[in-house]
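Peer 1: Dropping in work-v6.txt, which is compact mmCIF, C-alpha atoms:
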# COMPACT_ATOMS: atom_id res chain seq x y z
CA MET A 212 0.00 0.00 0.00
CA ASN A 213 1.51 3.30 -1.05
CA THR A 214 -0.81 6.28 -0.85
CA GLN A 215 1.88 8.82 -1.78
CA MET A 216 0.74 10.92 1.13
CA ILE A 217 3.45 13.24 2.37
CA LEU A 218 3.26 14.61 5.91
CA SER A 219 5.21 17.66 6.99
CA GLN A 220 7.35 17.99 10.11
CA THR A 221 7.31 21.79 9.96
CA ASP A 222 3.54 22.07 9.54
CA PRO A 223 2.02 23.40 12.78
CA ARG A 224 -1.12 21.27 12.28
CA PRO A 225 -1.07 18.05 14.31
CA ILE A 226 -0.42 14.92 12.28
CA TYR A 227 -4.00 13.65 12.59
CA VAL A 228 -5.27 16.93 11.10
CA GLN A 229 -2.75 16.70 8.25
CA ILE A 230 -4.06 13.21 7.45
CA MET A 231 -7.68 14.42 7.61
CA ASP A 232 -6.96 17.37 5.34
CA GLU A 233 -5.09 15.24 2.82
CA ILE A 234 -7.94 12.71 2.62
CA SER A 235 -10.56 15.49 2.41
CA ARG A 236 -8.60 17.15 -0.39
CA ARG A 237 -8.43 13.89 -2.34
CA VAL A 238 -12.18 13.52 -1.97
CA ALA A 239 -12.77 17.17 -2.91
CA LEU A 240 -10.59 16.78 -6.02
CA GLY A 241 -12.46 13.63 -7.01
CA ASP A 242 -9.30 11.49 -6.82
CA TRP A 243 -10.92 9.41 -4.10
CA GLN A 244 -14.45 8.74 -5.36
CA PRO A 245 -17.55 8.17 -3.18
CA GLY A 246 -17.70 4.50 -2.16
CA MET A 247 -13.96 3.98 -2.54
CA ARG A 248 -12.44 1.78 0.11
CA LEU A 249 -9.80 3.50 2.24
CA PRO A 250 -6.65 1.74 3.38
CA SER A 251 -7.14 0.06 6.77
CA ILE A 252 -5.92 2.05 9.77
CA ARG A 253 -2.92 -0.25 10.20
CA GLU A 254 -2.07 -0.16 6.49
CA LEU A 255 -2.09 3.64 6.42
CA ALA A 256 -0.12 3.82 9.69
CA ALA A 257 2.57 1.54 8.27
CA ASP A 258 2.59 3.48 4.99
CA LEU A 259 2.91 6.90 6.66
CA LYS A 260 5.15 5.58 9.52
CA VAL A 261 2.89 7.17 12.10
CA SER A 262 1.22 5.58 15.08
CA VAL A 263 -1.98 3.58 14.68
CA ILE A 264 -3.73 5.79 17.24
CA THR A 265 -3.06 8.91 15.15
CA VAL A 266 -4.60 7.40 12.00
CA LYS A 267 -7.49 6.09 14.09
CA ARG A 268 -8.16 9.59 15.36
CA ALA A 269 -8.08 11.05 11.82
CA TYR A 270 -10.58 8.40 10.62
CA LEU A 271 -12.88 9.03 13.61
CA GLU A 272 -12.94 12.76 12.97
CA LEU A 273 -13.51 12.25 9.22
CA GLU A 274 -16.40 9.96 10.08
CA ARG A 275 -17.85 12.57 12.40
CA SER A 276 -17.69 15.20 9.66
CA GLY A 277 -19.32 12.81 7.17
CA VAL A 278 -16.42 12.46 4.74
CA ILE A 279 -16.01 8.73 5.32
CA VAL A 280 -18.12 5.91 6.75
CA THR A 281 -16.80 2.93 8.68
CA GLN A 282 -18.56 -0.45 8.59
CA GLN A 283 -17.67 -2.82 11.40
CA GLY A 284 -15.44 -5.57 10.09
CA LYS A 285 -15.49 -4.27 6.50
CA GLY A 286 -13.38 -1.16 6.71
CA SER A 287 -13.75 2.52 5.89
CA PHE A 288 -15.12 4.00 2.67
CA VAL A 289 -15.54 7.45 1.17
CA ASN A 290 -19.12 8.40 2.05
CA GLN A 291 -21.51 7.74 -0.88
CA GLU A 292 -23.51 10.80 0.14
CA VAL A 293 -20.48 13.03 0.50
CA SER A 294 -20.92 16.50 -0.87
CA VAL A 295 -17.70 17.67 -2.45
CA ASP A 296 -18.73 21.27 -1.81
CA ASP A 297 -19.18 20.52 1.89
CA VAL A 298 -15.73 18.98 2.08
CA ARG A 299 -14.25 22.08 0.47
CA MET A 300 -16.26 24.29 2.82
CA GLN A 301 -14.89 22.42 5.85
CA GLU A 302 -11.35 23.31 4.87
CA LEU A 303 -12.28 26.98 4.47
CA ALA A 304 -14.25 26.89 7.71
CA ARG A 305 -11.13 26.21 9.74
CA TYR A 306 -9.36 29.29 8.37
CA LEU A 307 -12.44 31.43 8.96
CA ASP A 308 -12.74 30.09 12.48
CA ASN A 309 -9.12 31.05 13.14
CA ALA A 310 -9.61 34.52 11.67
CA ALA A 311 -12.71 35.05 13.83
CA ARG A 312 -10.81 34.01 16.95
CA VAL A 313 -7.80 36.26 16.29
CA ALA A 314 -10.12 39.17 15.48
CA ALA A 315 -12.01 38.64 18.74
CA ALA A 316 -8.75 38.60 20.72
CA MET A 317 -7.83 41.90 19.04
CA GLY A 318 -11.20 43.33 20.03
CA MET A 319 -12.34 43.72 16.41
CA SER A 320 -16.06 44.01 15.77
CA HIS A 321 -17.96 41.82 13.30
CA ASP A 322 -18.12 44.61 10.72
CA GLU A 323 -14.44 45.41 11.04
CA LEU A 324 -13.57 41.76 10.36
CA VAL A 325 -15.90 41.67 7.34
CA ASP A 326 -14.27 44.85 6.01
CA ALA A 327 -10.80 43.42 6.58
CA LEU A 328 -11.76 40.26 4.69
CA ALA A 329 -13.23 42.31 1.85
CA ASP A 330 -9.83 43.96 1.37
CA TYR A 331 -8.39 40.53 0.67
CA THR A 332 -11.07 39.32 -1.73
CA ASN A 333 -10.80 42.56 -3.73
CA ARG A 334 -7.06 42.30 -4.16
CA MET B 151 -5.15 -7.96 26.18
CA LEU B 152 -1.92 -6.66 27.65
CA ALA B 153 1.53 -7.53 26.32
CA ILE B 154 3.17 -6.08 29.43
CA LYS B 155 1.70 -5.38 32.83
CA CYS B 156 3.87 -3.98 35.63
CA SER B 157 2.13 -3.42 38.96
CA ASN B 158 3.73 -1.46 41.80
CA VAL B 159 7.23 -2.50 40.83
CA ARG B 160 9.95 -1.40 43.19
CA LYS B 161 13.71 -1.78 42.99
CA THR B 162 16.08 -0.03 45.35
CA TYR B 163 19.77 0.62 44.79
CA PRO B 164 22.05 2.62 47.11
CA HIS B 165 21.69 5.81 45.06
CA PHE B 166 18.59 5.17 43.02
CA ALA B 167 15.13 3.65 43.41
CA LEU B 168 12.33 2.69 41.05
CA GLN B 169 9.19 3.58 42.95
CA ASP B 170 5.85 1.88 42.38
CA VAL B 171 6.16 1.58 38.64
CA ASN B 172 2.85 0.82 36.94
CA LEU B 173 2.98 0.30 33.21
CA ASN B 174 0.54 -1.35 30.81
CA LEU B 175 1.33 -2.05 27.17
CA ALA B 176 -1.73 -3.08 25.16
CA GLU B 177 -1.23 -5.76 22.51
CA GLY B 178 -0.88 -4.37 18.99
CA THR B 179 0.47 -1.02 20.14
CA VAL B 180 3.76 0.88 20.35
CA MET B 181 4.81 2.51 23.61
CA GLY B 182 7.50 5.17 23.71
CA PHE B 183 9.36 5.33 27.00
CA VAL B 184 10.97 8.68 27.70
CA GLY B 185 12.80 10.35 30.55
CA PRO B 186 16.09 12.08 31.34
CA ASN B 187 19.39 10.23 31.79
CA GLY B 188 19.38 8.17 34.97
CA ALA B 189 15.59 8.33 35.33
CA GLY B 190 15.27 4.53 35.41
CA LYS B 191 14.35 3.66 31.81
CA SER B 192 16.96 0.92 31.34
CA THR B 193 16.34 -0.49 34.83
CA THR B 194 12.61 -0.72 34.09
CA LEU B 195 13.26 -2.45 30.75
CA ARG B 196 15.63 -4.88 32.48
CA VAL B 197 13.02 -5.68 35.12
CA ILE B 198 10.52 -6.35 32.31
CA MET B 199 13.04 -8.69 30.68
CA GLY B 200 13.67 -10.49 33.96
CA LEU B 201 17.34 -9.44 33.89
CA VAL B 202 16.94 -7.39 37.06
CA HIS B 203 14.76 -8.84 39.81
CA GLN B 204 12.33 -6.39 41.38
CA ASP B 205 12.21 -6.06 45.19
CA ALA B 206 8.42 -5.82 45.13
CA GLY B 207 5.54 -5.77 42.67
CA SER B 208 4.52 -8.03 39.81
CA VAL B 209 5.59 -8.10 36.17
CA GLN B 210 3.60 -10.01 33.53
CA VAL B 211 5.03 -10.24 30.02
CA LEU B 212 2.96 -12.01 27.35
CA GLY B 213 1.14 -13.71 30.20
CA HIS B 214 4.35 -14.94 31.82
CA SER B 215 5.33 -13.94 35.32
CA MET B 216 8.75 -12.29 35.44
CA PRO B 217 11.45 -13.02 36.42
CA ALA B 218 10.27 -16.58 37.30
CA ALA B 219 9.09 -17.53 33.79
CA GLN B 220 11.71 -15.61 31.81
CA ARG B 221 12.94 -18.64 29.89
CA ALA B 222 9.47 -19.34 28.51
CA ALA B 223 8.74 -15.68 27.83
CA LYS B 224 11.93 -14.91 25.95
CA TRP B 225 11.12 -17.08 22.92
CA ASP B 226 8.64 -14.43 21.96
CA ILE B 227 10.53 -11.29 22.98
CA GLY B 228 13.20 -9.53 20.96
CA PHE B 229 15.32 -7.39 23.27
CA VAL B 230 17.99 -5.01 22.03
CA SER B 231 20.06 -2.81 24.32
CA GLU B 232 23.39 -0.98 24.24
CA ASP B 233 25.39 -3.82 25.78
CA MET B 234 24.41 -6.65 23.42
CA ARG B 235 27.03 -9.38 23.72
CA LEU B 236 28.02 -10.66 20.32
CA TYR B 237 31.14 -12.60 19.34
CA SER B 238 33.49 -9.94 18.09
CA HIS B 239 35.72 -12.37 16.17
CA ARG B 240 32.85 -13.94 14.25
CA THR B 241 31.09 -12.59 11.18
CA LEU B 242 27.58 -11.21 11.11
CA GLY B 243 26.63 -14.16 8.88
CA PHE B 244 27.82 -16.58 11.59
CA HIS B 245 25.51 -14.91 14.10
CA LEU B 246 22.55 -15.05 11.74
CA GLU B 247 23.02 -18.78 11.07
CA PHE B 248 23.43 -19.41 14.79
CA LEU B 249 20.18 -17.60 15.60
CA GLU B 250 18.38 -19.35 12.76
CA GLN B 251 19.12 -22.69 14.44
CA ILE B 252 17.85 -21.51 17.82
CA PHE B 253 14.67 -19.65 16.93
CA PRO B 254 11.93 -21.63 15.16
CA LYS B 255 10.20 -18.51 13.81
CA TRP B 256 13.42 -17.11 12.26
CA ASP B 257 12.54 -15.61 8.88
CA LYS B 258 15.51 -16.17 6.60
CA PRO B 259 14.26 -14.27 3.53
CA TYR B 260 13.31 -11.34 5.78
CA ALA B 261 16.78 -11.41 7.40
CA ALA B 262 18.33 -11.30 3.92
CA GLU B 263 16.08 -8.40 2.95
CA LEU B 264 17.03 -6.50 6.13
CA LEU B 265 20.74 -7.06 5.43
CA ARG B 266 20.23 -5.25 2.12
CA ARG B 267 18.03 -2.51 3.54
CA PHE B 268 20.32 -1.83 6.48
CA ASP B 269 23.32 -1.98 4.13
CA LEU B 270 25.15 -4.63 6.20
CA ASN B 271 27.72 -7.11 4.95
CA PRO B 272 27.34 -10.65 6.39
CA GLU B 273 31.03 -11.38 5.66
CA GLN B 274 32.19 -8.70 8.07
CA LYS B 275 33.40 -9.56 11.57
CA LEU B 276 31.56 -7.88 14.44
CA LYS B 277 34.71 -6.18 15.75
CA GLY B 278 35.07 -4.34 12.44
CA LEU B 279 31.60 -2.80 12.56
CA SER B 280 30.97 0.84 13.38
CA HIS B 281 28.63 1.72 16.25
CA GLY B 282 25.76 2.36 13.85
CA GLN B 283 26.35 -0.92 12.01
CA ARG B 284 26.42 -2.85 15.30
CA VAL B 285 23.13 -1.29 16.37
CA LYS B 286 21.54 -2.10 13.02
CA ALA B 287 22.88 -5.69 13.21
CA ALA B 288 21.43 -6.16 16.70
CA LEU B 289 18.07 -4.77 15.61
CA LEU B 290 18.10 -7.01 12.53
CA THR B 291 18.48 -10.11 14.71
CA ALA B 292 15.46 -9.02 16.79
CA PHE B 293 13.27 -8.23 13.76
CA ALA B 294 14.10 -11.47 11.92
CA ARG B 295 13.01 -13.60 14.88
CA LYS B 296 9.47 -12.25 14.38
CA PRO B 297 8.74 -12.13 18.12
CA ARG B 298 5.36 -10.99 19.44
CA LEU B 299 7.03 -8.37 21.60
CA LEU B 300 9.99 -6.13 20.79
CA VAL B 301 11.74 -4.30 23.63
CA PHE B 302 14.32 -1.79 22.44
CA ASP B 303 16.50 0.30 24.73
CA GLU B 304 17.50 3.40 22.74
CA PRO B 305 17.28 1.76 19.30
CA THR B 306 18.05 4.90 17.31
CA THR B 307 20.77 6.47 19.47
CA GLY B 308 23.93 7.08 17.48
CA LEU B 309 22.30 6.37 14.13
CA ASP B 310 22.42 8.81 11.24
CA PRO B 311 19.04 10.18 10.05
CA VAL B 312 18.82 7.73 7.15
CA ALA B 313 19.52 4.70 9.35
CA ARG B 314 17.09 6.03 11.95
CA LYS B 315 14.36 6.25 9.34
CA LEU B 316 15.09 2.65 8.26
CA VAL B 317 14.70 1.45 11.85
CA VAL B 318 11.51 3.45 12.45
CA ASP B 319 10.07 2.18 9.13
CA GLU B 320 10.80 -1.40 10.17
CA MET B 321 9.14 -0.87 13.56
CA MET B 322 6.00 0.37 11.78
CA ARG B 323 6.04 -2.63 9.44
CA VAL B 324 5.85 -4.81 12.56
CA MET B 325 2.69 -2.97 13.56
CA GLU B 326 0.82 -4.15 10.46
CA ASP B 327 0.31 -7.31 12.52
CA GLU B 328 -2.07 -6.41 15.32
CA SER B 329 -0.88 -9.24 17.58
CA ARG B 330 2.60 -7.71 17.87
CA SER B 331 3.72 -4.98 20.26
CA ILE B 332 6.71 -2.70 20.80
CA LEU B 333 8.13 -0.98 23.87
CA PHE B 334 11.08 1.31 23.20
CA SER B 335 12.98 3.93 25.14
CA SER B 336 14.45 6.89 23.33
CA HIS B 337 15.88 10.35 23.68
CA ASN B 338 14.76 11.07 20.18
CA THR B 339 11.42 12.65 21.00
CA LEU B 340 10.62 13.07 17.31
CA ASP B 341 10.70 9.29 16.77
CA VAL B 342 8.65 8.70 19.91
CA GLU B 343 6.09 11.32 18.94
CA GLN B 344 5.79 9.91 15.44
CA ILE B 345 5.23 6.20 16.01
CA SER B 346 4.03 5.72 19.60
CA ASP B 347 0.42 4.91 20.43
CA SER B 348 1.12 5.58 24.08
CA ILE B 349 3.80 7.51 25.93
CA THR B 350 5.23 6.72 29.34
CA PHE B 351 7.24 9.38 31.01
CA ILE B 352 9.63 8.52 33.84
CA ASN B 353 11.56 10.93 36.05
CA GLN B 354 13.75 10.09 39.06
CA GLY B 355 12.47 6.52 39.24
CA GLU B 356 8.80 7.48 39.15
CA ILE B 357 6.30 7.24 36.32
CA VAL B 358 5.11 10.81 35.84
CA ALA B 359 2.61 10.11 33.05
CA SER B 360 1.51 7.09 31.06
CA GLN B 361 -1.31 7.56 28.59
CA ASP B 362 -2.26 7.46 24.95
CA LYS B 363 -0.22 9.84 22.84
CA GLU B 364 -3.09 11.86 21.39
CA SER B 365 -4.51 12.75 24.84
CA PHE B 366 -1.02 13.34 26.20
CA LEU B 367 -0.07 15.85 23.49
CA ASP B 368 -3.56 17.39 23.54
CA ALA B 369 -3.34 18.23 27.23
CA TRP B 370 -0.40 20.61 26.86
CA ARG B 371 -0.56 24.14 25.46
CA ARG B 372 1.43 27.34 25.31
CA VAL B 373 -0.92 30.27 25.87
CA ARG B 374 0.14 33.79 24.87
CA LEU B 375 -1.56 36.69 26.58
CA VAL B 376 -1.56 40.46 26.46
CA VAL B 377 -2.20 41.90 29.92
CA ASP B 378 -2.40 45.35 31.50
CA ASP B 379 -0.29 46.58 34.42
CA THR B 380 -2.81 45.59 37.06
CA PHE B 381 -3.25 41.99 35.88
CA THR B 382 -2.63 39.23 38.38
CA LEU B 383 -2.56 35.64 37.22
CA PRO B 384 -5.31 33.48 38.77
CA ASN B 385 -3.99 30.58 40.81
CA CYS B 386 -4.07 27.42 38.77
CA ASN B 387 -2.35 24.06 39.23
CA SER B 388 -2.11 23.36 35.52
CA ILE B 389 0.20 26.33 34.85
CA VAL B 390 3.62 24.74 34.73
CA LYS B 391 5.61 27.79 33.72
CA THR B 392 5.00 31.54 33.56
CA GLN B 393 7.08 34.03 31.62
CA ARG B 394 6.36 37.74 31.40
CA ALA B 395 7.92 40.52 29.33
CA GLY B 396 6.21 43.90 29.60
CA HIS B 397 2.60 43.48 28.58
CA GLN B 398 3.05 40.00 27.18
CA MET B 399 2.78 36.77 29.11
CA VAL B 400 3.46 33.22 28.03
CA LEU B 401 2.02 30.34 30.05
CA THR B 402 2.88 26.66 29.68
CA VAL B 403 -0.17 24.66 30.66
CA SER B 404 -0.30 20.93 31.40
CA ASP B 405 -4.04 20.36 31.60
CA TYR B 406 -5.54 22.62 28.99
CA ASN B 407 -9.20 22.90 28.07
CA GLU B 408 -11.36 25.56 26.41
CA GLY B 409 -12.48 26.79 29.82
CA PHE B 410 -8.93 27.81 30.65
CA ALA B 411 -8.79 30.59 28.04
CA ALA B 412 -12.23 31.85 29.13
CA HIS B 413 -11.00 31.90 32.73
CA LEU B 414 -8.05 34.13 31.75
CA THR B 415 -10.26 36.42 29.67
CA GLN B 416 -12.50 36.88 32.71
CA ALA B 417 -9.45 37.80 34.74
CA GLY B 418 -8.81 40.62 32.28
CA ALA B 419 -6.20 39.16 29.92
CA SER B 420 -6.64 38.84 26.20
CA VAL B 421 -5.56 35.50 24.78
CA THR B 422 -3.69 36.05 21.52
CA ASP B 423 -2.48 32.53 20.76
CA VAL B 424 -2.93 28.99 21.96
CA GLU B 425 -0.20 26.71 20.62
CA ARG B 426 0.37 22.98 20.80
CA LEU B 427 3.68 21.70 22.16
CA THR B 428 5.98 19.09 20.72
CA LEU B 429 6.85 16.10 22.87
CA GLU B 430 10.34 17.59 23.26
CA GLU B 431 8.92 20.82 24.68
CA ILE B 432 6.63 18.87 27.03
CA PHE B 433 9.54 16.71 28.13
CA ILE B 434 11.71 19.72 28.99
CA ALA B 435 8.89 21.65 30.69
CA SER B 436 7.96 18.66 32.91
CA VAL B 437 11.52 17.94 33.98
CA GLU B 438 12.23 21.62 34.67
CA ALA B 439 9.00 21.94 36.64
CA SER B 440 9.80 18.90 38.78
CA GLN B 441 13.33 20.20 39.45
CA ALA B 442 12.00 23.65 40.32
CA GLY B 443 9.47 22.02 42.68
CA GLN B 444 12.25 20.08 44.40
CA HIS B 445 14.40 23.16 44.81
CA ALA B 446 11.43 25.00 46.27
CA ILE B 447 10.90 22.21 48.82
CA GLN B 448 14.61 22.11 49.67
CA GLY B 449 14.59 25.91 49.94
CA GLU B 450 11.70 25.82 52.39
CA ALA B 451 13.45 23.20 54.49
CA ALA B 452 16.58 25.36 54.63
In C-alpha cells, how does this file's structure come out?
Peer 2:
Amino acid sequence: MNTQMILSQTDPRPIYVQIMDEISRRVALGDWQPGMRLPSIRELAADLKVSVITVKRAYLELERSGVIVTQQGKGSFVNQEVSVDDVRMQELARYLDNAARVAAAMGMSHDELVDALADYTNR
Amino acid sequence: MLAIKCSNVRKTYPHFALQDVNLNLAEGTVMGFVGPNGAGKSTTLRVIMGLVHQDAGSVQVLGHSMPAAQRAAKWDIGFVSEDMRLYSHRTLGFHLEFLEQIFPKWDKPYAAELLRRFDLNPEQKLKGLSHGQRVKAALLTAFARKPRLLVFDEPTTGLDPVARKLVVDEMMRVMEDESRSILFSSHNTLDVEQISDSITFINQGEIVASQDKESFLDAWRRVRLVVDDTFTLPNCNSIVKTQRAGHQMVLTVSDYNEGFAAHLTQAGASVTDVERLTLEEIFIASVEASQAGQHAIQGEAA
C-alpha cells in the first residue's frame, strides 16, 4: 500500500489533522471517489510511519464530519452521500474560524472583520 | 489484552530507586518510554526482561510472570540494548546462522532483505563494525526472529538520520500485525512522537505520566496573553511555567481545556495565541518543573 501521502514535520497542524486534510482534499478533487475503500488504519499507519492511534483519530474525525463511513469488520469507505462542496467548505471553515478568533482577541467588531476580509477578496 | 503489565514494581539501589512503577502495554500497540538520563528507563526495561529482579511488585510479560518464567517468555521477545554481547571475532553471517538454528520462527528471507536494507555485509566480523552498524545488526536479529514483543533500549541512538528512518520504518512494518507490540525507550522525541500509540514518562524513578499519545499531546498548550499593568494571574495548578515581558505573558499549561482561556479572559487578559507543544517541549517543561518544585521544597526546608 503506497498512498503517496506526504506529511510535513514543519507544519504546525497536528499529524492527525494533516491526514484528515489530505484525505478530504483527495475527496474534494475527485481522486478518491464516493464508495472507494480507504486503506485500513494499520495499512495507512505503516505506509505513513505514524502511530496507529493517530490514523485512528483522523478516521474518527472524518467519520464525524461525514467524509467517510466505517462499517464494522469491513473497513472505511468514502461516504456515498459526500458533498464535495461541503468537504471544500470544511477546509475553508477552519481558516475562517481562526480569523474570527484572532479578530475577537484583538477586540475587532464583526463589521471590522468583514471589512478586513473584503480587502483581501478585492485584491 | 496486555503484552506487558507492571504493577507497583519497586527496585532499590544505594543511590537510586524505582518507585511503584505501573505500566501497561496493550497488545498491537507501540509505547515510547521517555525520561532524562538516569531516570530509570533501562532499569525498568531490564526488570521487564527479567534481567533485574524487582524487590516488590509483579511483572507479567505475554502472560508470563517475570522473572520466574523468563525462559518461557523470551522465545517471543526480541530485546535489544546498548550492551548486546556478540562474538566480536565472528562474522555477522555466523551470528545469523546461529540464531536461525535456535529460533523456530526465524525468517531467513526477511533477514536477507534486512541485510540489504540496512546496508550490512554478512562477511564482516563484528569487531570491524561501526557503532551504527552494530546497532543495526542487533536490531536485525530481533526483527528477523518475528517475536510478538519487541523491547528496544535506545534503538536509534547514534544512528544517522537515514539509518534512523530505516529502523523506524521497520518498527512500523511490525505494527501491520495487530498481535505484535513494541516498547522502546528513546531520547529522540521526534521518533517517539511519530510512532508511539502511548507515551510513558519517567523521572527520578517514578512514572510521571503514562497515557495514549493523542490525549497526552492534547493536554499541553502554550498560551500567549496580552495583559495590563494591574493583571494578576489566577492561581491554577495546571500552569507549569509563567514568563512575562512587559505586557506580554506566556504560560505553559499541562491540563488545557477551552475553559482555561475563558478563565483568563474573565481575569482581564486577552488570549492572543494557543499553541500545541511538541513532545520535546513537554519533556523539557515537565523535567524543569519537577526540578524547580524540588528546589522549592529544599529551599523551604533550609
Peer 1: Identify all chain A residues at most 7 Å from chain B by counting only C-alpha atoms; ligands do not count. Present them as a ChimeraX atom specification.
Peer 2: /A:253-254,257,260-265,313,316
Peer 1: For CA of Ser440 in chain B and CA of Asp405 in chain B, quote the distance in Å rounded to one decimal.
Peer 2: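 The value is 15.7 Å.
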Peer 1: Just want the 8 Å neighbourhood of Lys161 in chain B, counted on all atoms listed in the file, with same-chain residues fewer than 2 positions away dropped. Output as an MDAnalysis selection string.
Peer 2: chainID B and resid 159 163 167:169 203:206
Peer 1: Figure out the distance between CA of Gly308 in chain B and CA of Lys275 in chain B, please, to one decimal in Å.
Peer 2: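 Pair CA of Lys275 in chain B / CA of Gly308 in chain B returns 20.0 Å.
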Peer 1: CA of Arg394 in chain B and CA of Leu429 in chain B, how far apart in Å?
Peer 2: 23.3 Å
Peer 1: Hey, what's within 10 Å of Val437 in chain B if we count all atoms listed in the file and toss same-chain stuff fewer than 5 positions away? As a PyMOL selection string, please?
Peer 2: chain B and resi 185-186+352-354+358+432+442-443
Peer 1: Report as a ChimeraX atom specification all protein, DNA and RNA residues lying within 8 Å of Ser335 in chain B, evaluated on only C-alpha atoms, omitting residues in the same chain fewer than 4 positions from it.
Peer 2: /B:182-184,191-192,302-305
Peer 1: List the spatial neighbours of Ala310 in chain A as a PDB file with C-alpha atoms, in the coordinates of the input - criterion: any atom at most 12 Å away, only C-alpha atoms, same-chain residues fewer than 4 positions off excluded.
Peer 2:
ATOM      1  CA  LEU A 303     -12.280  26.980   4.470  1.00  0.00           C
ATOM      2  CA  ALA A 304     -14.250  26.890   7.710  1.00  0.00           C
ATOM      3  CA  ARG A 305     -11.130  26.210   9.740  1.00  0.00           C
ATOM      4  CA  TYR A 306      -9.360  29.290   8.370  1.00  0.00           C
ATOM      5  CA  ALA A 314     -10.120  39.170  15.480  1.00  0.00           C
ATOM      6  CA  ALA A 315     -12.010  38.640  18.740  1.00  0.00           C
ATOM      7  CA  ALA A 316      -8.750  38.600  20.720  1.00  0.00           C
ATOM      8  CA  MET A 317      -7.830  41.900  19.040  1.00  0.00           C
ATOM      9  CA  MET A 319     -12.340  43.720  16.410  1.00  0.00           C
ATOM     10  CA  HIS A 321     -17.960  41.820  13.300  1.00  0.00           C
ATOM     11  CA  GLU A 323     -14.440  45.410  11.040  1.00  0.00           C
ATOM     12  CA  LEU A 324     -13.570  41.760  10.360  1.00  0.00           C
ATOM     13  CA  VAL A 325     -15.900  41.670   7.340  1.00  0.00           C
ATOM     14  CA  ALA A 327     -10.800  43.420   6.580  1.00  0.00           C
ATOM     15  CA  LEU A 328     -11.760  40.260   4.690  1.00  0.00           C
TER      16      LEU A 328
ATOM     17  CA  THR B 422      -3.690  36.050  21.520  1.00  0.00           C
ATOM     18  CA  ASP B 423      -2.480  32.530  20.760  1.00  0.00           C
TER      19      ASP B 423
END
Peer 1: Find the residues near Thr214 in chain A: any atom within 10 Å, counting all atoms listed in the file, skip ones fewer than 2 places away on the same chain, and give them as a list in words.
Peer 2: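 Listing them by chain and then by number gives Met212, Met216, Ile217, Leu249, Pro250, Glu254, Leu255, Asp258 and Leu259 of chain A.
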Peer 1: Counting only C-alpha atoms, find the residues whose atoms lie at most 12 Å from (9.9, -2.4, 33.1) (file coordinates) and write them out as an MDAnalysis selection string.
Peer 2: chainID B and resid 153:161 168:175 181 183 190:204 207:211 216:217 301:303 333:335 350 352 355:357
Peer 1: List as a list in words: which residues have an atom within 12 Å of (21.9, 10.4, 16.2), counting all atoms listed in the file?
Peer 2: His281, Gly282, Val285, Glu304, Pro305, Thr306, Thr307, Gly308, Leu309, Asp310, Pro311, Val312, Ala313, Arg314, Lys315, Ser336, His337, Asn338, Thr339, Leu340 and Asp341 of chain B
Peer 1: Taking all listed atoms of range 291-297 of chain A, build the axis-aligned box, pad each of the six sides by 8 Å, then write its centre and edge lengths in Å to one decimal as JSON.
Peer 2:
{"center_x": -20.6, "center_y": 14.5, "center_z": -0.3, "size_x": 21.8, "size_y": 29.5, "size_z": 20.3}
Peer 1: Which residue, A:Arg312, A:Gln215, A:Gly246, A:Val266, has the smallest gap to Glu292 in chain A when you use only C-alpha atoms?
Peer 2: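 Selected residue with least distance to Glu292 in chain A: A:Gly246.
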Peer 1: Which is closest to Ile279 in chain A among A:Asp296, A:Met247, A:Thr332, A:Asn309, if we use all atoms listed in the file?
Peer 2: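 Counting all atoms listed in the file, the residue closest to Ile279 in chain A is A:Met247.
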Peer 1: Take range 293-304 of chain A from the block and save it with N, CA and C atoms, as a PDB file, in the first residue's frame.
Peer 2:
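Wrote decode-v3.pdb, looks like this:
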ATOM      1  N   VAL A 293     -21.332  11.889   0.206  1.00  0.00           N
ATOM      2  CA  VAL A 293     -20.481  13.030   0.499  1.00  0.00           C
ATOM      3  C   VAL A 293     -20.726  14.158  -0.500  1.00  0.00           C
ATOM      4  N   SER A 294     -20.798  15.368   0.021  1.00  0.00           N
ATOM      5  CA  SER A 294     -20.922  16.504  -0.869  1.00  0.00           C
ATOM      6  C   SER A 294     -19.547  17.142  -0.996  1.00  0.00           C
ATOM      7  N   VAL A 295     -19.039  17.161  -2.221  1.00  0.00           N
ATOM      8  CA  VAL A 295     -17.697  17.671  -2.452  1.00  0.00           C
ATOM      9  C   VAL A 295     -17.613  19.133  -2.012  1.00  0.00           C
ATOM     10  N   ASP A 296     -18.711  19.871  -2.238  1.00  0.00           N
ATOM     11  CA  ASP A 296     -18.729  21.273  -1.815  1.00  0.00           C
ATOM     12  C   ASP A 296     -18.586  21.400  -0.300  1.00  0.00           C
ATOM     13  N   ASP A 297     -19.275  20.494   0.425  1.00  0.00           N
ATOM     14  CA  ASP A 297     -19.185  20.520   1.887  1.00  0.00           C
ATOM     15  C   ASP A 297     -17.752  20.270   2.341  1.00  0.00           C
ATOM     16  N   VAL A 298     -17.103  19.322   1.692  1.00  0.00           N
ATOM     17  CA  VAL A 298     -15.731  18.984   2.084  1.00  0.00           C
ATOM     18  C   VAL A 298     -14.827  20.190   1.865  1.00  0.00           C
ATOM     19  N   ARG A 299     -15.046  20.878   0.735  1.00  0.00           N
ATOM     20  CA  ARG A 299     -14.247  22.079   0.475  1.00  0.00           C
ATOM     21  C   ARG A 299     -14.556  23.160   1.509  1.00  0.00           C
ATOM     22  N   MET A 300     -15.836  23.283   1.849  1.00  0.00           N
ATOM     23  CA  MET A 300     -16.257  24.286   2.819  1.00  0.00           C
ATOM     24  C   MET A 300     -15.589  24.043   4.170  1.00  0.00           C
ATOM     25  N   GLN A 301     -15.477  22.747   4.540  1.00  0.00           N
ATOM     26  CA  GLN A 301     -14.890  22.423   5.847  1.00  0.00           C
ATOM     27  C   GLN A 301     -13.455  22.921   5.957  1.00  0.00           C
ATOM     28  N   GLU A 302     -12.730  22.839   4.843  1.00  0.00           N
ATOM     29  CA  GLU A 302     -11.348  23.306   4.866  1.00  0.00           C
ATOM     30  C   GLU A 302     -11.341  24.820   5.082  1.00  0.00           C
ATOM     31  N   LEU A 303     -12.191  25.522   4.337  1.00  0.00           N
ATOM     32  CA  LEU A 303     -12.279  26.975   4.468  1.00  0.00           C
ATOM     33  C   LEU A 303     -12.742  27.361   5.875  1.00  0.00           C
ATOM     34  N   ALA A 304     -13.658  26.561   6.411  1.00  0.00           N
ATOM     35  CA  ALA A 304     -14.250  26.889   7.712  1.00  0.00           C
ATOM     36  C   ALA A 304     -13.185  27.020   8.794  1.00  0.00           C
TER      37      ALA A 304
END
